[in-house]
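Single-structure report; data block below.
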Amino acid sequence: MTSAPHPRCPASPLERVRKVCVGTLNPPKLAAVEAAFAAYAPGVSVEGVAVASGVPDQPVGFDEIVAGARERARATFAQAPCDLAVGIEDGLVVIPALGEDALNVGAAAVTDGERCSVGLSSGFAYPPGCSRRAVEEREPVGGLFDELMGAGEGEAPSAVGQGNVGRLTLGVLTRAEYGRHAVICALVRFLHPGLYDEVAPTHDRVADAGGRALDA
């Protein structure tokens, strides 16, 4: 099945952006950023940078997910010369209305050193056989999922291919496409600067505000 090409934005405030650095070396996440910016900044260069997230290897809850994305964006901007820096962090969110199920949600943060905007992906449920253990023991859900699905010896982890969401959706929604949505949502503040505060809350204020940071 061939997916339709993503639309190009006819006039974009980001058209002069030339270099974007991303706080990861994960190929699908880099592809997500490339695809997101392709609509707004043709010819942009996207480069991965190894940085720490500042949160547990298995984030749980919106606070940790958003904090991880923001810290990756902040650390990347401080470390690598670029016009914009992006951080992407996935984690599990327990929603009481769903019982014991936890949804995987991804957050993307974009910063220019002053403003920082956050967007979220859609959510999907991992099989309970791995998600419950990930929440309770903080063991990375990706490894548990590969173990559950029986990844063969020498086979690349699903996180660097179509992604876990790709395997669960039978290839219809890949990891790169899943992340692209979050990055585009994070770009909204930069696409319409006149509609938002000139400067978003600082990283320190967002960290102190916890979950309320999502309202910023």
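Please note that chains go A, B, ... in the order of the structure tokens, that every chain numbers its residues from 1, and that ligands are numbered from 1 in the order shown.
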Excluding Val105 (chain A) and any residue of its chain fewer than 2 positions from it, enumerate the residues within 10 Å of it, using only C-alpha atoms, and give them as a list in words. Val60, Gly61, Phe62, Ile65, Val66, Glu89, Asp90, Gly91, Leu92, Val93, Ala102, Leu103, Ala107, Leu120, Ser121, Ser122, Gly123, Phe124, Ala125, Tyr178, Gly179 and Ala182 of chain A
How would you write, as a ChimeraX atom specification, the set of residues in region 55-128 of chain A that DSSP gives as strand (DSSP E)? /A:84-94,102-111,116-125
Apply DSSP to the backbone of this structure and, from region 42-147 of chain A, keep only the residues in alpha helix (DSSP H); write these as a PyMOL selection string. chain A and resi 62-79+128-137+141-147
Could you name the residues that touch Gly43 (chain A) at 12 Å or less, counting only C-alpha atoms, but leaving out those on the same chain fewer than 3 positions away, as an NGL selection string? :A and (14-20 or 34-35 or 37-40 or 46)
Write the residues of the selection above to a file with N, CA and C atoms, as a short mmCIF file (atom, residue, chain, number, x, y, z; two decimals), in the first residue's frame.
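As a result, part.cif now contains:
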```cif
data_model
loop_
_atom_site.label_atom_id
_atom_site.label_comp_id
_atom_site.auth_asym_id
_atom_site.auth_seq_id
_atom_site.Cartn_x
_atom_site.Cartn_y
_atom_site.Cartn_z
N LEU A 14 8.12 29.27 8.81
CA LEU A 14 9.32 28.48 9.04
C LEU A 14 10.14 28.28 7.77
N GLU A 15 9.78 28.93 6.70
CA GLU A 15 10.45 28.66 5.42
C GLU A 15 11.93 29.03 5.43
N ARG A 16 12.35 29.87 6.36
CA ARG A 16 13.77 30.24 6.43
C ARG A 16 14.57 29.36 7.38
N VAL A 17 13.91 28.40 8.01
CA VAL A 17 14.62 27.47 8.88
C VAL A 17 15.50 26.57 8.03
N ARG A 18 16.76 26.50 8.36
CA ARG A 18 17.70 25.73 7.55
C ARG A 18 18.23 24.49 8.26
N LYS A 19 18.32 24.56 9.59
CA LYS A 19 18.87 23.41 10.31
C LYS A 19 18.06 23.14 11.57
N VAL A 20 17.67 21.88 11.72
CA VAL A 20 16.94 21.43 12.90
C VAL A 20 17.72 20.28 13.52
N GLU A 34 11.91 15.06 10.01
CA GLU A 34 12.11 15.42 8.60
C GLU A 34 10.77 15.55 7.88
N ALA A 35 9.88 14.60 8.11
CA ALA A 35 8.58 14.62 7.44
C ALA A 35 7.73 15.80 7.91
N PHE A 37 8.79 18.76 9.08
CA PHE A 37 9.32 20.04 8.59
C PHE A 37 9.27 20.15 7.08
N ALA A 38 9.14 19.04 6.38
CA ALA A 38 9.11 19.09 4.92
C ALA A 38 7.97 19.95 4.40
N ALA A 39 6.88 20.02 5.16
CA ALA A 39 5.72 20.81 4.73
C ALA A 39 5.93 22.31 4.93
N TYR A 40 6.85 22.68 5.81
CA TYR A 40 7.01 24.08 6.18
C TYR A 40 8.37 24.68 5.83
N VAL A 46 18.18 18.02 8.89
CA VAL A 46 17.82 17.46 10.19
C VAL A 46 18.97 16.59 10.68
#
```
Of the candidates A:Glu139, A:Gly48, A:Gly119, A:Gln79, which shows the shortest atom-to-atom distance to Pro28 (chain A), using only C-alpha atoms?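 Ranking A:Glu139, A:Gly48, A:Gly119, A:Gln79 by distance to Pro28 (chain A), first place goes to A:Gly48.
Among A:Thr76, A:Gln58, A:Ser12, A:Thr174, the residue with the shortest atom-to-atom distance to Val188 (chain A), counting only C-alpha atoms, is A:Ser12.
Residue nearest Cys185 (chain A) within the list A:Gly106, A:Pro128, A:Gly161, A:Gly150: A:Gly106 [criterion: smallest interatomic distance, only C-alpha atoms].
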CA of Val118 (chain A) to CA of Ala67 (chain A), distance in Å rounded to a single decimal: 10.0 Å
Atomic separation - CA of Val86 (chain A) relative to CA of Arg70 (chain A), Å: 8.2 Å
Shortest contact to Val110 (chain A), candidates A:Arg132, A:Lys29, A:His192, A:Arg72, atoms counted only C-alpha atoms, goes to A:Arg72
For the atom pair CA of Ala134 (chain A) and CA of Ile184 (chain A), what is the interatomic distance in Å to one decimal place? 28.0 Å
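Nearest to Glu47 (chain A) of all the residues A:Ala31, A:His181, A:Pro127, A:Gly163 is A:Ala31, based on only C-alpha atoms.
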Spatial neighbours of Gly113 (chain A), 10 Å, only C-alpha atoms, chain gap at least 2 places, as number ranges by chain: A: 73-74, 77-78, 82-85, 110-111, 115-116, 199, 202
Which of A:Ala80, A:Val22, A:Ala32, A:Leu195 sits closest to Glu177 (chain A) [using only C-alpha atoms]: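 Closest to Glu177 (chain A), using only C-alpha atoms: A:Ala32.
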